[in-house]
$ cat query.tsv   # TSV, C-alpha atoms
chain	number	residue	atom	x	y	z
A	54	MET	CA	95.44	86.80	101.77
A	55	THR	CA	93.78	88.14	98.65
A	56	GLY	CA	92.29	91.58	98.20
A	57	ASN	CA	88.77	90.13	98.18
A	58	SER	CA	89.32	88.47	101.57
A	59	LEU	CA	90.63	91.74	103.00
A	60	LEU	CA	87.35	93.41	102.03
A	61	SER	CA	85.42	90.69	103.85
A	62	TRP	CA	87.46	91.19	107.04
A	63	THR	CA	86.86	93.59	109.93
A	64	PRO	CA	90.03	94.78	111.70
A	65	ALA	CA	89.99	95.47	115.42
A	66	ALA	CA	92.07	98.63	114.81
A	67	ILE	CA	93.50	100.64	111.91
A	68	VAL	CA	96.85	102.42	111.90
A	69	PHE	CA	97.53	105.01	109.21
A	70	ASP	CA	100.73	106.39	107.83
A	71	CYS	CA	100.37	110.16	107.42
A	72	ASP	CA	102.74	111.63	104.83
A	73	GLY	CA	101.50	110.57	101.38
A	74	THR	CA	98.66	108.49	102.85
A	75	LEU	CA	96.49	111.04	104.67
A	76	MET	CA	98.26	114.31	103.93
A	77	ASP	CA	99.49	115.16	100.43
A	78	SER	CA	102.86	116.44	101.56
A	79	GLU	CA	105.19	114.57	99.20
A	80	CYS	CA	105.28	117.63	96.95
A	81	HIS	CA	106.43	119.65	99.99
A	82	TRP	CA	109.23	117.18	100.75
A	83	VAL	CA	110.35	117.33	97.12
A	84	GLU	CA	110.39	121.13	97.12
A	85	ALA	CA	112.11	121.29	100.51
A	86	ARG	CA	114.85	118.89	99.39
A	87	GLU	CA	115.36	120.80	96.16
A	88	ARG	CA	115.58	124.16	97.96
A	89	VAL	CA	118.18	122.90	100.41
A	90	LEU	CA	120.28	121.21	97.73
A	91	ARG	CA	120.10	124.31	95.51
A	92	GLY	CA	121.57	126.22	98.42
A	93	TYR	CA	124.63	124.00	98.07
A	94	GLY	CA	124.72	124.41	94.29
A	95	ILE	CA	123.30	120.91	93.65
A	96	THR	CA	120.36	119.75	91.53
A	97	ALA	CA	118.60	116.72	93.01
A	98	PRO	CA	119.14	113.54	90.93
A	99	SER	CA	116.08	112.32	89.03
A	100	ASP	CA	115.74	109.22	91.23
A	101	PHE	CA	116.18	111.09	94.51
A	102	GLY	CA	112.47	111.09	95.36
A	103	GLU	CA	112.19	107.30	95.08
A	104	ARG	CA	115.41	106.80	97.06
A	105	THR	CA	114.11	108.84	99.99
A	106	LYS	CA	110.36	108.09	99.93
A	107	GLY	CA	109.14	107.03	103.36
A	108	LEU	CA	112.53	107.45	105.05
A	109	HIS	CA	112.84	109.12	108.42
A	110	PHE	CA	113.81	112.75	107.91
A	111	THR	CA	117.18	112.23	109.61
A	112	GLU	CA	118.06	109.49	107.12
A	113	CYS	CA	116.88	111.72	104.28
A	114	GLY	CA	119.15	114.48	105.60
A	115	ARG	CA	122.08	112.06	105.67
A	116	VAL	CA	121.48	111.08	102.04
A	117	MET	CA	121.19	114.75	101.06
A	118	THR	CA	124.50	115.44	102.79
A	119	GLU	CA	126.14	112.76	100.67
A	120	VAL	CA	124.53	114.05	97.46
A	121	ALA	CA	125.74	117.57	98.27
A	122	GLY	CA	129.29	116.23	98.69
A	123	LEU	CA	129.49	117.34	102.32
A	124	ALA	CA	131.26	115.56	105.15
A	125	ALA	CA	129.06	113.41	107.39
A	126	ARG	CA	129.46	115.87	110.29
A	127	HIS	CA	127.23	118.32	108.41
A	128	ALA	CA	124.22	115.94	108.33
A	129	ASP	CA	122.51	117.50	111.36
A	130	ARG	CA	122.70	120.96	109.80
A	131	VAL	CA	121.31	119.73	106.46
A	132	THR	CA	118.50	117.86	108.26
A	133	GLY	CA	117.60	121.00	110.19
A	134	GLN	CA	117.46	123.02	106.97
A	135	LEU	CA	115.26	120.34	105.38
A	136	LEU	CA	112.80	120.43	108.28
A	137	ASP	CA	112.68	124.22	108.35
A	138	GLU	CA	111.82	124.37	104.64
A	139	PHE	CA	109.28	121.54	104.94
A	140	ARG	CA	107.47	123.12	107.90
A	141	ARG	CA	107.17	126.42	106.05
A	142	LEU	CA	105.72	124.74	102.97
A	143	VAL	CA	103.22	122.60	104.93
A	144	ALA	CA	102.05	125.54	107.02
A	145	ALA	CA	101.39	127.54	103.86
A	146	ASP	CA	99.53	124.77	102.02
A	147	PRO	CA	98.38	121.67	103.97
A	148	VAL	CA	96.45	119.34	101.64
A	149	THR	CA	94.70	116.03	102.32
A	150	ILE	CA	94.92	112.98	100.06
A	151	PRO	CA	91.69	112.41	98.07
A	152	GLY	CA	89.31	110.21	100.03
A	153	ALA	CA	91.22	110.53	103.32
A	154	VAL	CA	88.59	112.57	105.15
A	155	ASP	CA	85.72	110.26	104.14
A	156	PHE	CA	87.62	107.03	104.76
A	157	VAL	CA	88.92	108.06	108.19
A	158	GLY	CA	85.48	109.26	109.22
A	159	LEU	CA	83.84	105.98	108.22
A	160	ALA	CA	86.59	103.83	109.75
A	161	SER	CA	86.36	105.65	113.08
A	162	HIS	CA	82.81	104.33	113.54
A	163	PHE	CA	83.90	100.68	113.76
A	164	ALA	CA	87.53	100.61	114.95
A	165	PRO	CA	90.01	102.60	117.05
A	166	LEU	CA	92.46	104.52	114.85
A	167	ALA	CA	96.05	105.68	115.28
A	168	VAL	CA	98.81	107.23	113.18
A	169	ALA	CA	102.34	105.84	112.79
A	170	SER	CA	104.62	108.27	110.99
A	171	ASN	CA	108.29	108.99	110.37
A	172	CYS	CA	107.55	112.73	110.25
A	173	PRO	CA	108.02	115.13	113.20
A	174	ARG	CA	105.07	115.07	115.61
A	175	ASP	CA	104.32	118.78	115.26
A	176	VAL	CA	104.05	118.46	111.47
A	177	VAL	CA	101.77	115.41	111.68
A	178	GLU	CA	99.47	116.83	114.35
A	179	SER	CA	99.18	120.30	112.83
A	180	GLY	CA	98.39	118.88	109.38
A	181	LEU	CA	95.76	116.49	110.72
A	182	ALA	CA	94.25	119.21	112.89
A	183	HIS	CA	93.98	121.56	109.90
A	184	ALA	CA	92.24	118.77	107.96
A	185	GLY	CA	89.80	118.16	110.84
A	186	LEU	CA	91.10	114.61	111.31
A	187	LEU	CA	93.22	114.71	114.47
A	188	HIS	CA	90.34	114.01	116.87
A	189	HIS	CA	89.69	110.63	115.21
A	190	PHE	CA	93.01	109.15	116.38
A	191	ALA	CA	93.72	107.51	119.72
A	192	ASP	CA	97.40	108.38	119.35
A	193	VAL	CA	100.00	109.77	116.96
A	194	VAL	CA	103.20	107.71	117.17
A	195	VAL	CA	106.51	108.97	115.79
A	196	PRO	CA	110.11	107.79	116.33
A	197	ASP	CA	111.89	108.84	119.50
A	198	VAL	CA	114.75	107.62	121.66
A	199	ASP	CA	112.85	104.41	122.40
A	200	LEU	CA	111.13	103.87	119.03
A	201	ARG	CA	113.11	103.23	115.87
A	202	PRO	CA	111.79	104.77	112.63
A	203	LYS	CA	110.32	102.82	109.75
A	204	PRO	CA	111.25	100.37	108.24
A	205	ASP	CA	111.73	98.97	111.76
A	206	PRO	CA	108.43	97.83	113.29
A	207	ASP	CA	108.49	99.95	116.46
A	208	VAL	CA	106.07	102.75	115.54
A	209	TYR	CA	103.46	100.29	114.25
A	210	LEU	CA	103.74	98.12	117.33
A	211	ALA	CA	103.33	101.17	119.58
A	212	ALA	CA	100.37	102.49	117.58
A	213	THR	CA	98.69	99.09	117.70
A	214	ARG	CA	99.08	99.03	121.48
A	215	ALA	CA	97.62	102.54	121.69
A	216	CYS	CA	94.51	101.17	119.99
A	217	GLY	CA	94.30	98.31	122.49
A	218	ALA	CA	94.67	95.71	119.75
A	219	THR	CA	97.12	93.04	118.65
A	220	PRO	CA	99.03	93.23	115.35
A	221	ALA	CA	97.30	90.21	113.81
A	222	VAL	CA	93.91	91.94	113.95
A	223	THR	CA	95.14	95.41	112.95
A	224	LEU	CA	95.21	96.96	109.48
A	225	ALA	CA	97.97	99.31	108.33
A	226	VAL	CA	97.28	101.88	105.61
A	227	GLU	CA	100.49	102.80	103.76
A	228	ASP	CA	101.79	104.35	100.55
A	229	SER	CA	105.52	103.52	100.68
A	230	TYR	CA	107.67	100.40	100.59
A	231	CYS	CA	109.53	101.58	103.69
A	232	GLY	CA	106.26	101.91	105.61
A	233	MET	CA	104.93	98.58	104.38
A	234	LEU	CA	108.10	96.86	105.57
A	235	SER	CA	107.55	98.41	108.98
A	236	ALA	CA	103.93	97.28	109.13
A	237	THR	CA	104.55	93.72	107.92
A	238	ARG	CA	107.52	93.32	110.29
A	239	ALA	CA	105.15	94.32	113.09
A	240	GLY	CA	102.67	91.65	111.96
A	241	LEU	CA	99.91	93.90	110.57
A	242	ARG	CA	97.93	93.36	107.40
A	243	VAL	CA	98.48	96.11	104.85
A	244	LEU	CA	96.27	98.22	102.62
A	245	GLY	CA	98.49	99.91	100.03
A	246	VAL	CA	97.46	103.24	98.52
A	247	GLY	CA	98.80	105.11	95.50
A	248	PRO	CA	98.54	105.43	91.72
A	249	ASP	CA	101.69	103.62	90.56
A	250	PRO	CA	102.75	100.80	92.90
A	251	ARG	CA	106.03	99.02	92.30
A	252	ASP	CA	106.21	95.22	92.23
A	253	GLU	CA	107.88	95.07	95.64
A	254	GLU	CA	105.10	97.21	97.12
A	255	LEU	CA	102.38	95.04	95.60
A	256	ALA	CA	104.11	91.98	97.05
A	257	LEU	CA	103.75	93.36	100.59
A	258	ALA	CA	100.18	94.65	100.33
A	259	ASP	CA	97.17	92.47	101.06
A	260	LEU	CA	95.17	94.85	98.88
A	261	TRP	CA	96.17	97.84	96.76
A	262	VAL	CA	93.90	100.74	95.81
A	263	SER	CA	94.86	103.72	93.71
A	264	THR	CA	93.08	106.14	96.07
A	265	LEU	CA	91.29	106.20	99.43
A	266	ALA	CA	88.32	107.46	97.45
A	267	ASP	CA	87.99	104.00	95.84
A	268	ALA	CA	84.27	103.16	95.78
A	269	ASP	CA	84.68	99.55	96.93
A	270	LEU	CA	86.93	100.63	99.80
A	271	LEU	CA	84.51	103.29	101.01
A	272	HIS	CA	81.62	100.81	100.76
A	273	TRP	CA	83.63	98.34	102.85
A	274	ALA	CA	84.28	100.97	105.52
A	275	LYS	CA	80.66	102.10	105.50
A	276	THR	CA	79.30	98.57	106.00
A	277	ARG	CA	81.68	97.38	108.74
A	278	GLU	CA	80.45	96.86	112.29
A	279	SER	CA	82.65	96.89	115.37
A	280	LEU	CA	83.93	93.50	116.45
A	281	PRO	CA	82.18	92.07	119.52
A	282	ASP	CA	83.97	92.89	122.78
A	283	SER	CA	84.90	89.22	123.14
A	284	TYR	CA	87.29	89.64	120.17
A	285	VAL	CA	88.95	92.74	121.62
A	286	PRO	CA	91.46	92.94	124.53
A	287	ALA	CA	90.40	94.92	127.60
A	288	ALA	CA	92.65	97.81	126.58
A	289	GLY	CA	90.89	97.95	123.23
A	290	ARG	CA	87.49	98.09	124.90
A	291	ALA	CA	88.69	101.06	126.95
A	292	VAL	CA	89.87	102.83	123.77
A	293	ARG	CA	86.50	102.13	122.16
A	294	ALA	CA	84.66	103.62	125.13
A	295	THR	CA	86.80	106.75	125.06
A	296	ALA	CA	86.31	107.17	121.29
A	297	ALA	CA	82.54	106.75	121.66
A	298	ALA	CA	82.45	109.38	124.39
A	299	VAL	CA	84.39	111.82	122.19
A	300	ALA	CA	82.05	111.15	119.28
A	301	ARG	CA	79.05	112.02	121.43

$ encode --input "query.tsv" --output "structure tokens"
Amino acid sequence: MTGNSLLSWTPAAIVFDCDGTLMDSECHWVEARERVLRGYGITAPSDFGERTKGLHFTECGRVMTEVAGLAARHADRVTGQLLDEFRRLVAADPVTIPGAVDFVGLASHFAPLAVASNCPRDVVESGLAHAGLLHHFADVVVPDVDLRPKPDPDVYLAATRACGATPAVTLAVEDSYCGMLSATRAGLRVLGVGPDPRDEELALADLWVSTLADADLLHWAKTRESLPDSYVPAAGRAVRATAAAVAR
């Protein structure tokens, strides 16, 4: 599907990644990783950010443990230190991605929304609440004992169900290759967001925009109308009704 056809399509639901897509927290992850590694006398390699972008924080902690030259048994401790540093940084300076507030607000008028993230739930929900966005989402889905993290499809499948939709009629909004793999494996169409996409990311995205503030994207969201109920499963109609009641 080409980008032009994506902008002529109306999804029944939209599922957003959070970190790097809605909330500008990548700088916090970078700083948190660097602080923890400095504590072990290590400077993060220049390619470390790309290697860990979009990974679940436990996997990031495992990679950091290897980089620090520590035995695998220390991975839980390193992961805990990473999360502690990250939470402190986010709490001190939560920042939204340009265009996120406007795009989410417009999208919420025509489709149920959810979040599928590899970040801890408390970080996702507190950041979205601070940005005034949390109330727009039917659910926030993160990995747990029953849901594998991205790049497995579990969190996207669960978020799609929370919206009462099927994957084929749901749009994912993502900024990382790891997240796009998750979304495409779940059967969603993908809107990629970010200034410098790699070839493998472009190959997975149905459309790529450099920012959620893209004028054509915002016009698309502004001019969409909800799909008729006949196109939406009963669960989706219930989600719609709940969202409408909240909006009133």

$ residues_around --input "query.tsv" --residues "stretch 61-74 of chain A" --least-positions-apart "3" --cutoff "7 Å" --atoms "all atoms listed in the file" --output "mmCIF file with C-alpha atoms, in the frame of the given file"
data_model
loop_
_atom_site.group_PDB
_atom_site.id
_atom_site.type_symbol
_atom_site.label_atom_id
_atom_site.label_comp_id
_atom_site.auth_asym_id
_atom_site.auth_seq_id
_atom_site.Cartn_x
_atom_site.Cartn_y
_atom_site.Cartn_z
ATOM 1 C CA ASN A 57 88.770 90.130 98.180
ATOM 2 C CA SER A 58 89.320 88.470 101.570
ATOM 3 C CA ASP A 77 99.490 115.160 100.430
ATOM 4 C CA SER A 78 102.860 116.440 101.560
ATOM 5 C CA GLU A 79 105.190 114.570 99.200
ATOM 6 C CA ILE A 150 94.920 112.980 100.060
ATOM 7 C CA ALA A 164 87.530 100.610 114.950
ATOM 8 C CA PRO A 165 90.010 102.600 117.050
ATOM 9 C CA LEU A 166 92.460 104.520 114.850
ATOM 10 C CA ALA A 167 96.050 105.680 115.280
ATOM 11 C CA VAL A 168 98.810 107.230 113.180
ATOM 12 C CA ALA A 169 102.340 105.840 112.790
ATOM 13 C CA SER A 170 104.620 108.270 110.990
ATOM 14 C CA VAL A 177 101.770 115.410 111.680
ATOM 15 C CA ALA A 212 100.370 102.490 117.580
ATOM 16 C CA THR A 213 98.690 99.090 117.700
ATOM 17 C CA CYS A 216 94.510 101.170 119.990
ATOM 18 C CA ALA A 218 94.670 95.710 119.750
ATOM 19 C CA VAL A 222 93.910 91.940 113.950
ATOM 20 C CA THR A 223 95.140 95.410 112.950
ATOM 21 C CA LEU A 224 95.210 96.960 109.480
ATOM 22 C CA ALA A 225 97.970 99.310 108.330
ATOM 23 C CA VAL A 226 97.280 101.880 105.610
ATOM 24 C CA GLU A 227 100.490 102.800 103.760
ATOM 25 C CA ASP A 228 101.790 104.350 100.550
ATOM 26 C CA VAL A 246 97.460 103.240 98.520
ATOM 27 C CA ARG A 277 81.680 97.380 108.740
ATOM 28 C CA LEU A 280 83.930 93.500 116.450
ATOM 29 C CA VAL A 285 88.950 92.740 121.620
#

$ closest_residue --input "query.tsv" --among "A:Leu270, A:Tyr230, A:Ala215, A:Arg242" --to "A:Glu103" --atoms "all atoms listed in the file"
A:Tyr230

$ axis_aligned_box --input "query.tsv" --around "stretch 156-159 of chain A" --padding-each-side "8 Å" --output "JSON"
{"center_x": 86.4, "center_y": 107.6, "center_z": 107.0, "size_x": 21.1, "size_y": 19.3, "size_z": 20.5}

$ closest_residue --input "query.tsv" --among "A:Ser161, A:Ala268, A:Gly122, A:Phe110" --to "A:Arg174" --atoms "all atoms listed in the file"
A:Phe110

$ closest_residue --input "query.tsv" --among "A:Ala182, A:Val148, A:Ala125, A:Leu59" --to "A:Trp273" --atoms "all atoms listed in the file"
A:Leu59

$ atom_distance --input "query.tsv" --atom1 "atom CA of A:His272" --atom2 "atom CA of A:Phe156"
9.5 Å

$ atom_distance --input "query.tsv" --atom1 "atom CA of A:Thr96" --atom2 "atom CA of A:Gly232"
26.7 Å

$ closest_residue --input "query.tsv" --among "A:Leu75, A:Ala221, A:Ala153, A:Ala121" --to "A:Arg91" --atoms "all atoms listed in the file"
A:Ala121

$ atom_distance --input "query.tsv" --atom1 "atom CA of A:Glu138" --atom2 "atom CA of A:Val154"
26.1 Å

$ closest_residue --input "query.tsv" --among "A:Cys113, A:Val193, A:Leu135, A:Leu244" --to "A:Asp175" --atoms "all atoms listed in the file"
A:Val193

$ closest_residue --input "query.tsv" --among "A:Glu278, A:Asp207, A:Asp249, A:Asp155" --to "A:Leu265" --atoms "only C-alpha atoms"
A:Asp155

$ residues_near_point --input "query.tsv" --point "(114.6, 121.8, 94.5)" --cutoff "12 Å" --atoms "all atoms listed in the file" --output "mmCIF file with C-alpha atoms, in the frame of the given file"
data_model
loop_
_atom_site.group_PDB
_atom_site.id
_atom_site.type_symbol
_atom_site.label_atom_id
_atom_site.label_comp_id
_atom_site.auth_asym_id
_atom_site.auth_seq_id
_atom_site.Cartn_x
_atom_site.Cartn_y
_atom_site.Cartn_z
ATOM 1 C CA CYS A 80 105.280 117.630 96.950
ATOM 2 C CA HIS A 81 106.430 119.650 99.990
ATOM 3 C CA TRP A 82 109.230 117.180 100.750
ATOM 4 C CA VAL A 83 110.350 117.330 97.120
ATOM 5 C CA GLU A 84 110.390 121.130 97.120
ATOM 6 C CA ALA A 85 112.110 121.290 100.510
ATOM 7 C CA ARG A 86 114.850 118.890 99.390
ATOM 8 C CA GLU A 87 115.360 120.800 96.160
ATOM 9 C CA ARG A 88 115.580 124.160 97.960
ATOM 10 C CA VAL A 89 118.180 122.900 100.410
ATOM 11 C CA LEU A 90 120.280 121.210 97.730
ATOM 12 C CA ARG A 91 120.100 124.310 95.510
ATOM 13 C CA GLY A 92 121.570 126.220 98.420
ATOM 14 C CA TYR A 93 124.630 124.000 98.070
ATOM 15 C CA GLY A 94 124.720 124.410 94.290
ATOM 16 C CA ILE A 95 123.300 120.910 93.650
ATOM 17 C CA THR A 96 120.360 119.750 91.530
ATOM 18 C CA ALA A 97 118.600 116.720 93.010
ATOM 19 C CA PRO A 98 119.140 113.540 90.930
ATOM 20 C CA SER A 99 116.080 112.320 89.030
ATOM 21 C CA PHE A 101 116.180 111.090 94.510
ATOM 22 C CA GLY A 102 112.470 111.090 95.360
ATOM 23 C CA MET A 117 121.190 114.750 101.060
ATOM 24 C CA LEU A 135 115.260 120.340 105.380
ATOM 25 C CA GLU A 138 111.820 124.370 104.640
ATOM 26 C CA PHE A 139 109.280 121.540 104.940
#
